[in-house]
>>> print(open('input_14.csv').read())   # CSV, C-alpha atoms
chain,number,residue,atom,x,y,z
T,36,MET,CA,62.7,147.9,250.9
T,37,SER,CA,61.1,147.9,247.4
T,38,GLU,CA,59.8,144.6,246.2
T,39,THR,CA,61.6,145.4,242.9
T,40,ALA,CA,65.0,145.5,244.6
T,41,PRO,CA,67.2,142.5,243.7
T,42,HIS,CA,66.6,139.6,246.1
T,43,ILE,CA,69.9,138.2,247.5
T,44,LEU,CA,70.4,134.9,249.4
T,45,TYR,CA,73.5,135.2,251.6
T,46,ILE,CA,74.8,131.9,252.9
T,47,ASP,CA,77.3,132.1,255.8
T,48,ASP,CA,77.8,130.1,259.0
T,49,ASP,CA,78.9,133.2,260.9
T,50,ALA,CA,75.8,134.6,262.6
T,51,GLY,CA,77.5,138.0,263.2
T,52,LEU,CA,78.6,138.4,259.6
T,53,ARG,CA,75.1,137.4,258.4
T,54,ARG,CA,73.5,140.2,260.5
T,55,LEU,CA,76.1,142.6,259.3
T,56,ALA,CA,75.6,141.6,255.7
T,57,ASP,CA,71.9,142.0,256.0
T,58,LYS,CA,72.2,145.6,257.3
T,59,ALA,CA,75.0,146.6,254.9
T,60,LEU,CA,73.4,145.1,251.8
T,61,SER,CA,69.9,146.4,252.7
T,62,ARG,CA,71.3,149.9,252.9
T,63,ARG,CA,72.8,149.4,249.4
T,64,GLY,CA,69.4,148.6,247.9
T,65,PHE,CA,69.1,144.8,248.1
T,66,ARG,CA,66.5,142.6,249.7
T,67,VAL,CA,68.4,140.0,251.8
T,68,SER,CA,67.5,136.5,252.9
T,69,LEU,CA,70.0,134.6,255.1
T,70,ALA,CA,71.0,131.0,255.4
T,71,GLU,CA,73.4,129.6,258.1
T,72,SER,CA,74.6,126.6,256.1
T,73,GLY,CA,75.0,125.2,252.6
T,74,PRO,CA,72.2,122.7,252.8
T,75,GLN,CA,69.8,125.3,254.2
T,76,GLY,CA,70.7,127.7,251.4
T,77,VAL,CA,70.2,125.1,248.7
T,78,ALA,CA,66.8,124.2,250.2
T,79,MET,CA,65.8,127.9,250.2
T,80,ALA,CA,67.0,128.3,246.6
T,81,ARG,CA,64.7,125.5,245.6
T,82,GLU,CA,61.7,127.2,247.2
T,83,THR,CA,62.3,130.9,246.3
T,84,ALA,CA,63.5,132.5,243.1
T,85,PHE,CA,66.4,134.7,244.1
T,86,ASP,CA,68.1,137.1,241.8
T,87,LEU,CA,71.6,136.2,243.1
T,88,ILE,CA,73.3,134.0,245.7
T,89,ALA,CA,76.4,134.8,247.8
T,90,VAL,CA,78.2,131.8,249.2
T,91,ASP,CA,80.9,131.8,251.9
T,92,HIS,CA,83.8,129.4,251.4
T,93,TYR,CA,84.7,128.2,254.9
T,94,MET,CA,81.6,126.5,256.4
T,95,PRO,CA,81.5,123.3,258.5
T,96,GLY,CA,80.0,120.1,257.0
T,97,GLN,CA,79.4,121.5,253.5
T,98,ASP,CA,81.9,124.1,252.3
T,99,GLY,CA,81.2,126.7,249.7
T,100,LEU,CA,82.5,124.7,246.7
T,101,ALA,CA,80.2,121.8,247.7
T,102,THR,CA,77.4,124.2,248.1
T,103,ILE,CA,78.0,125.6,244.6
T,104,ASN,CA,77.9,122.1,243.1
T,105,ALA,CA,74.6,121.5,244.9
T,106,LEU,CA,73.1,124.8,243.7
T,107,GLN,CA,73.9,123.8,240.1
T,108,GLY,CA,71.1,121.3,240.4
T,109,VAL,CA,68.5,123.9,241.3
T,110,PRO,CA,66.3,124.8,238.3
T,111,ASP,CA,67.1,128.2,236.9
T,112,CYS,CA,69.9,128.7,239.4
T,113,PRO,CA,70.8,132.5,239.6
T,114,PRO,CA,74.3,133.8,239.5
T,115,ILE,CA,76.6,132.9,242.4
T,116,VAL,CA,79.2,135.2,243.9
T,117,TYR,CA,81.8,133.4,246.0
T,118,VAL,CA,82.9,135.0,249.3
T,119,THR,CA,86.2,133.8,250.9
T,120,GLY,CA,88.5,135.1,253.6
T,121,SER,CA,91.4,133.5,251.9
T,122,GLU,CA,93.4,135.3,249.3
T,123,GLU,CA,94.7,132.1,247.7
T,124,SER,CA,94.1,132.3,244.0
T,125,ARG,CA,93.5,128.5,243.8
T,126,ILE,CA,90.2,128.9,245.8
T,127,ALA,CA,88.9,131.6,243.5
T,128,VAL,CA,89.8,129.6,240.4
T,129,ALA,CA,88.1,126.5,241.9
T,130,ALA,CA,85.0,128.6,242.6
T,131,LEU,CA,84.9,130.0,239.1
T,132,LYS,CA,85.4,126.5,237.6
T,133,ALA,CA,82.6,125.2,239.8
T,134,GLY,CA,80.2,127.8,238.3
T,135,ALA,CA,80.5,131.0,240.3
T,136,ALA,CA,80.0,134.2,238.3
T,137,ASP,CA,82.5,136.2,240.5
T,138,TYR,CA,84.4,136.1,243.8
T,139,VAL,CA,85.1,138.7,246.5
T,140,VAL,CA,87.7,138.4,249.2
T,141,LYS,CA,86.2,138.9,252.7
T,142,ALA,CA,87.4,141.8,254.8
T,143,VAL,CA,86.3,144.0,257.7
T,144,GLY,CA,84.6,147.3,257.0
T,145,ASP,CA,82.5,149.0,254.4
T,146,ASP,CA,85.0,148.4,251.6
T,147,PHE,CA,84.1,144.7,251.6
T,148,PHE,CA,80.4,145.4,251.3
T,149,ASP,CA,81.0,148.0,248.6
T,150,LEU,CA,83.0,145.4,246.6
T,151,LEU,CA,80.3,142.8,247.2
T,152,ALA,CA,77.5,145.1,246.1
T,153,SER,CA,79.5,146.1,243.0
T,154,SER,CA,80.1,142.4,242.2
T,155,PHE,CA,76.3,141.8,242.7
T,156,GLN,CA,75.5,144.6,240.3
T,157,GLN,CA,77.9,143.4,237.6
T,158,ALA,CA,76.6,139.8,237.9
T,159,LEU,CA,73.0,141.1,237.6
T,160,GLU,CA,73.9,143.3,234.7
T,161,ARG,CA,75.4,140.3,232.9
T,162,VAL,CA,72.2,138.3,233.5
T,163,ARG,CA,70.2,141.2,232.2
T,164,LEU,CA,72.3,141.5,229.0
T,165,ARG,CA,72.2,137.7,228.5
T,166,THR,CA,68.4,137.7,228.9
T,167,ALA,CA,68.0,140.6,226.5
T,168,LYS,CA,70.3,138.9,224.0
T,169,GLU,CA,68.4,135.6,224.2
T,170,ALA,CA,65.1,137.6,223.7
T,171,VAL,CA,66.5,139.3,220.6
T,172,GLU,CA,67.8,136.0,219.2
T,173,GLN,CA,64.4,134.4,219.8
T,174,GLN,CA,62.7,137.3,218.0
T,175,LEU,CA,65.1,137.0,215.1
T,176,ARG,CA,64.5,133.2,214.9
T,177,ALA,CA,60.8,133.8,214.9
T,178,SER,CA,61.1,136.6,212.3
T,179,ASN,CA,63.3,134.4,210.1
T,180,ALA,CA,60.8,131.5,210.4
T,181,ARG,CA,58.0,133.9,209.3
T,182,LEU,CA,60.1,135.2,206.4
T,183,GLU,CA,61.0,131.7,205.2
T,184,THR,CA,57.4,130.7,205.3
T,185,MET,CA,56.5,133.8,203.3
T,186,LEU,CA,59.2,133.1,200.8
T,187,LYS,CA,58.1,129.6,200.3
T,188,GLU,CA,54.5,130.8,199.7
T,189,VAL,CA,55.8,133.3,197.2
T,190,ASN,CA,57.8,130.7,195.4
T,191,HIS,CA,54.8,128.4,195.4
T,192,ARG,CA,52.6,131.1,193.9
T,193,VAL,CA,55.3,132.0,191.3
T,194,ALA,CA,55.7,128.3,190.3
T,195,ASN,CA,51.9,127.9,190.0
T,196,SER,CA,51.7,131.1,187.9
T,197,LEU,CA,54.5,130.0,185.6
T,198,GLN,CA,52.8,126.6,185.2
T,199,LEU,CA,49.6,128.4,184.2
T,200,VAL,CA,51.4,130.6,181.7
T,201,SER,CA,53.1,127.4,180.3
T,202,ALA,CA,49.7,125.8,179.9
T,203,PHE,CA,48.4,128.9,178.0
T,204,VAL,CA,51.4,128.8,175.7
T,205,ARG,CA,50.9,125.0,175.1
T,206,LEU,CA,47.2,125.6,174.3
T,207,GLN,CA,48.1,128.5,172.0
T,208,GLY,CA,50.6,126.3,170.1
T,209,SER,CA,48.1,123.5,169.6
T,210,ALA,CA,45.7,125.9,167.9
T,211,ILE,CA,48.3,127.2,165.4
T,212,ALA,CA,48.7,125.5,162.0
T,213,ASP,CA,52.1,127.1,161.2
T,214,ALA,CA,54.9,124.7,162.1
T,215,ALA,CA,57.5,127.4,162.7
T,216,ALA,CA,55.1,129.3,165.1
T,217,ARG,CA,54.3,126.0,166.9
T,218,GLU,CA,58.0,125.3,167.4
T,219,ALA,CA,58.7,128.8,168.7
T,220,LEU,CA,55.9,128.4,171.2
T,221,THR,CA,57.2,125.0,172.3
T,222,GLU,CA,60.6,126.6,172.9
T,223,THR,CA,59.0,129.4,174.9
T,224,GLU,CA,57.2,126.8,177.0
T,225,GLN,CA,60.5,125.0,177.7
T,226,ARG,CA,62.1,128.3,178.8
T,227,ILE,CA,59.2,129.0,181.2
T,228,GLN,CA,59.5,125.5,182.6
T,229,ALA,CA,63.2,125.9,183.2
T,230,ILE,CA,62.4,128.9,185.5
T,231,ALA,CA,59.3,127.2,187.1
T,232,HIS,CA,61.4,124.2,188.1
T,233,VAL,CA,63.6,126.5,190.3
T,234,HIS,CA,60.6,127.9,192.2
T,235,ARG,CA,59.2,124.4,192.7
T,236,ARG,CA,62.5,123.4,194.2
T,237,LEU,CA,62.5,126.4,196.5
T,238,TYR,CA,59.0,126.0,198.0
T,239,SER,CA,59.5,122.3,198.5
T,240,SER,CA,62.9,122.7,200.2
T,241,ASP,CA,64.0,123.8,203.6
T,242,ASP,CA,66.4,126.3,201.9
T,243,VAL,CA,64.6,129.2,200.3
T,244,GLU,CA,67.8,130.9,199.1
T,245,TYR,CA,69.8,128.2,197.3
T,246,VAL,CA,68.9,125.5,194.8
T,247,ALA,CA,70.4,122.0,194.8
T,248,MET,CA,71.6,121.9,191.2
T,249,ASP,CA,71.9,118.1,190.9
T,250,ASP,CA,68.2,117.7,191.8
T,251,TYR,CA,67.1,120.7,189.7
T,252,LEU,CA,69.0,119.6,186.6
T,253,ASP,CA,67.7,116.0,187.0
T,254,ALA,CA,64.1,117.2,186.8
T,255,LEU,CA,64.8,119.7,184.0
T,256,VAL,CA,66.7,117.2,181.9
T,257,GLY,CA,64.0,114.6,182.4
T,258,GLU,CA,61.4,117.0,181.1
T,259,LEU,CA,63.5,118.0,178.1
T,260,GLU,CA,64.1,114.4,177.2
T,261,ALA,CA,60.4,113.7,177.3
T,262,THR,CA,59.7,116.7,175.1
T,263,TRP,CA,62.4,116.0,172.5
T,264,SER,CA,61.8,112.2,172.4
T,265,ALA,CA,58.2,113.0,171.2
T,266,TYR,CA,59.7,114.1,167.9
T,267,ASP,CA,60.7,111.9,165.0
T,268,GLY,CA,64.2,111.0,166.4
T,269,HIS,CA,64.7,109.7,169.9
T,270,ARG,CA,67.0,111.9,172.0
T,271,PRO,CA,68.4,110.2,175.1
T,272,LEU,CA,69.8,112.7,177.5
T,273,ARG,CA,72.5,111.7,180.0
T,274,LEU,CA,73.1,113.8,183.0
T,275,THR,CA,76.1,113.8,185.4
T,276,ALA,CA,75.9,116.4,188.1
T,277,GLU,CA,77.9,116.8,191.2
T,278,PRO,CA,76.0,118.0,194.3
T,279,MET,CA,76.3,121.8,194.5
T,280,ARG,CA,74.1,124.7,195.5
T,281,LEU,CA,73.6,128.0,193.7
T,282,LYS,CA,71.6,131.1,194.6
T,283,THR,CA,68.2,131.3,193.0
T,284,ASP,CA,69.1,133.9,190.3
T,285,ARG,CA,72.2,131.9,189.3
T,286,ALA,CA,70.2,128.7,189.2
T,287,VAL,CA,67.7,130.3,186.8
T,288,SER,CA,70.4,131.5,184.5
T,289,LEU,CA,72.2,128.1,184.4
T,290,GLY,CA,68.9,126.3,183.9
T,291,ILE,CA,68.1,128.5,180.8
T,292,ILE,CA,71.5,127.9,179.4
T,293,VAL,CA,71.0,124.1,179.8
T,294,ASN,CA,67.6,124.4,178.2
T,295,GLU,CA,69.0,126.3,175.2
T,296,LEU,CA,72.1,124.1,174.7
T,297,VAL,CA,70.2,120.9,175.0
T,298,SER,CA,67.5,122.1,172.7
T,299,ASN,CA,70.0,123.2,170.1
T,300,ALA,CA,71.7,119.7,170.2
T,301,CYS,CA,68.4,117.9,170.0
T,302,LYS,CA,67.3,120.0,166.9
T,303,TYR,CA,70.5,120.3,164.9
T,304,ALA,CA,73.1,117.6,165.9
T,305,TYR,CA,71.4,114.6,164.3
T,306,ALA,CA,69.4,113.9,161.2
T,307,VAL,CA,65.7,113.6,161.5
T,308,GLU,CA,64.5,110.1,162.6
T,309,THR,CA,68.1,109.4,163.8
T,310,ARG,CA,68.7,108.4,167.4
T,311,GLY,CA,71.3,110.7,169.0
T,312,GLU,CA,72.5,111.1,172.6
T,313,VAL,CA,73.1,114.4,174.3
T,314,ARG,CA,75.2,114.4,177.5
T,315,ILE,CA,75.1,117.1,180.2
T,316,ALA,CA,77.7,117.4,183.0
T,317,LEU,CA,78.1,119.8,185.9
T,318,GLN,CA,81.1,119.6,188.1
T,319,ALA,CA,83.0,121.8,190.5
T,320,ALA,CA,86.6,122.9,189.7
T,321,GLY,CA,88.0,124.7,192.7
T,322,ASP,CA,86.1,127.9,193.3
T,323,ARG,CA,84.4,127.6,189.9
T,324,PHE,CA,81.9,125.2,188.2
T,325,VAL,CA,82.0,123.8,184.7
T,326,LEU,CA,78.9,122.9,182.7
T,327,SER,CA,79.3,120.9,179.5
T,328,VAL,CA,76.7,119.9,177.0
T,329,GLU,CA,77.9,117.7,174.2
T,330,ASP,CA,76.6,115.5,171.3
T,331,ASP,CA,78.2,113.3,168.7
T,332,GLY,CA,76.4,114.9,165.8
T,333,ALA,CA,77.2,117.0,162.8
T,334,GLY,CA,79.3,119.6,164.6
T,335,LEU,CA,79.2,123.4,164.2
T,336,PRO,CA,78.2,124.8,160.8
T,337,ALA,CA,81.3,125.3,158.6
T,338,ASP,CA,80.2,128.8,157.6
T,339,GLY,CA,79.7,129.8,161.3
T,340,LYS,CA,76.1,130.9,160.7
T,341,ILE,CA,73.6,130.6,163.5
T,342,ARG,CA,70.8,128.1,162.8
T,343,GLY,CA,67.3,129.2,163.7
T,344,THR,CA,66.3,132.6,164.8
T,345,GLY,CA,69.4,133.2,167.0
T,346,LEU,CA,67.3,133.9,170.1
T,347,GLY,CA,68.7,130.9,171.9
T,348,THR,CA,72.3,132.1,171.3
T,349,LYS,CA,71.4,135.6,172.6
T,350,LEU,CA,69.8,134.0,175.7
T,351,ILE,CA,72.9,131.9,176.3
T,352,ARG,CA,75.2,134.9,176.1
T,353,SER,CA,72.9,137.0,178.3
T,354,MET,CA,72.7,134.3,181.0
T,355,ALA,CA,76.4,133.6,180.8
T,356,SER,CA,77.0,137.3,181.3
T,357,SER,CA,74.8,137.3,184.5
T,358,LEU,CA,76.9,134.4,185.8
T,359,GLN,CA,80.2,136.1,184.9
T,360,ALA,CA,80.8,132.9,182.8
T,361,GLU,CA,83.1,132.1,180.0
T,362,ILE,CA,81.7,130.2,176.9
T,363,SER,CA,83.9,128.0,174.9
T,364,TYR,CA,83.7,125.1,172.4
T,365,ASP,CA,85.9,122.0,172.4
T,366,THR,CA,87.1,121.9,168.8
T,367,ALA,CA,88.7,118.5,169.2
T,368,HIS,CA,85.4,116.9,170.1
T,369,LYS,CA,83.5,115.0,167.4
T,370,GLY,CA,80.2,116.9,167.3
T,371,VAL,CA,79.6,119.9,169.5
T,372,ARG,CA,80.9,120.2,173.1
T,373,ALA,CA,79.9,123.5,174.7
T,374,LEU,CA,81.6,124.5,178.0
T,375,ILE,CA,80.4,127.1,180.4
T,376,THR,CA,82.8,128.0,183.2
T,377,ALA,CA,81.7,130.4,186.0
T,378,PRO,CA,82.5,131.2,189.7
T,379,LEU,CA,80.7,129.3,192.4
>>> encode(input="input_14.csv", output="structure tokens")
Amino acid sequence: MSETAPHILYIDDDAGLRRLADKALSRRGFRVSLAESGPQGVAMARETAFDLIAVDHYMPGQDGLATINALQGVPDCPPIVYVTGSEESRIAVAALKAGAADYVVKAVGDDFFDLLASSFQQALERVRLRTAKEAVEQQLRASNARLETMLKEVNHRVANSLQLVSAFVRLQGSAIADAAAREALTETEQRIQAIAHVHRRLYSSDDVEYVAMDDYLDALVGELEATWSAYDGHRPLRLTAEPMRLKTDRAVSLGIIVNELVSNACKYAYAVETRGEVRIALQAAGDRFVLSVEDDGAGLPADGKIRGTGLGTKLIRSMASSLQAEISYDTAHKGVRALITAPL
């Protein structure tokens, strides 16, 4: 018999049936070890790694069900096929509930051993498939872990690169005498920072696919407040954000919109050297989210003309389009209240 043949432990108190099982199963390609009682079979299972165990039901002292329960305590217990001379379904059900992989009704002749061998093969095939499935799942988990590590590293490098670009822009601005050019570079730096914040969140989080928007906006708004409060008029920014997560590209789009709307409010809502608050809110509304940015300032221009270069307005429209968002303004609000509504 080949050493690679499945190794079966056959537990039965009937010596004649044990010998018959040994011969019949050996002819069918199995290596067979025999035990004459449940306790002996459990002891053998603890010492030898069998591929499968067959247990007879009717045995004195410790019957098959008690033997199954004892075998469950054996480390890496192989599949168990229950053998019974009774056709009572309750015994088969009890065996399956106790942990048996299958059962075969005992009979005289080759038909019984054909059925038993077939049951063995099916049980072994299920083990093989389960083992293969677990191996594939383990490989997938390892692969996912490697990919997440790589994505974190990519996000780390992107965040560092954007920080470097932001520093270059800041240095360039400090060397320019023209006020309009300096302001344009400051706005560019803020836009870069809005994107960099997303990548910083991704490489410092366990989730490399989604961004926690409440944390992200808290950091972004804090940086915007520090920037705009450095000017002549103090601009307190008040954020209210419900916990929600957006995919990376949507988080970037929303961050740029917040940056543009807040910057517009800080520049145009209040007179120079006048303190003025800007409020930002993000909340879920069913399967959508609503972003609002509002101030209590001068309101929209009566002539409808865009202030500044209009680049900020173009960016807002472009980012809103990528979010499939609707842009509206609350005309009843004193000052400006911009609303962005988009699908979650």
>>> atom_distance(input="input_14.csv", atom1="atom CA of Ala367 of chain T", atom2="atom CA of Leu255 of chain T")
28.1 Å
>>> atom_distance(input="input_14.csv", atom1="atom CA of Arg54 of chain T", atom2="atom CA of Pro113 of chain T")
22.4 Å
>>> residues_around(input="input_14.csv", residues="segment 224-228 of chain T", least_positions_apart="3", cutoff="7 Å", atoms="only C-alpha atoms", output="PyMOL selection string")
chain T and resi 197+201+204-205+220-221+231-232+291+294
>>> closest_residue(input="input_14.csv", among="T:Arg176, T:His42, T:His269, T:His234", to="Gly290 of chain T", atoms="only C-alpha atoms")
T:His234
>>> closest_residue(input="input_14.csv", among="T:Leu274, T:Thr283, T:Ala300, T:Gly347", to="Thr223 of chain T", atoms="all atoms listed in the file")
T:Gly347
>>> closest_residue(input="input_14.csv", among="T:Asp322, T:Glu218, T:Asp284, T:Asp249", to="Lys302 of chain T", atoms="only C-alpha atoms")
T:Glu218
>>> atom_distance(input="input_14.csv", atom1="atom CA of Gly51 of chain T", atom2="atom CA of Glu160 of chain T")
29.2 Å
>>> closest_atom_pairs(input="input_14.csv", of="segment 158-206 of chain T", to="segment 115-136 of chain T", cutoff="12 Å", atoms="all atoms listed in the file", output="Markdown table")
| residue | atom | partner | partner_atom | distance |
| --- | --- | --- | --- | --- |
| T:Ala158 | CA | T:Ala136 | CA | 6.6 |
| T:Leu159 | CA | T:Ala136 | CA | 9.9 |
| T:Glu160 | CA | T:Ala136 | CA | 11.5 |
| T:Arg161 | CA | T:Ala136 | CA | 9.4 |
| T:Val162 | CA | T:Ala136 | CA | 10.0 |
>>> write_last_selection(input="input_14.csv", atoms="C-alpha atoms", output="PDB file, in the coordinates of the input")
ATOM      1  CA  ALA T 158      76.600 139.800 237.900  1.00  0.00           C
ATOM      2  CA  LEU T 159      73.000 141.100 237.600  1.00  0.00           C
ATOM      3  CA  GLU T 160      73.900 143.300 234.700  1.00  0.00           C
ATOM      4  CA  ARG T 161      75.400 140.300 232.900  1.00  0.00           C
ATOM      5  CA  VAL T 162      72.200 138.300 233.500  1.00  0.00           C
TER       6      VAL T 162
END
>>> closest_residue(input="input_14.csv", among="T:Ala84, T:Arg270, T:Met79, T:Ile230", to="Glu308 of chain T", atoms="all atoms listed in the file")
T:Arg270
>>> residues_around(input="input_14.csv", residues="Leu44 of chain T", least_positions_apart="6", cutoff="8 Å", atoms="all atoms listed in the file", output="number ranges by chain")
T: 67-70, 76, 80, 85, 87-89
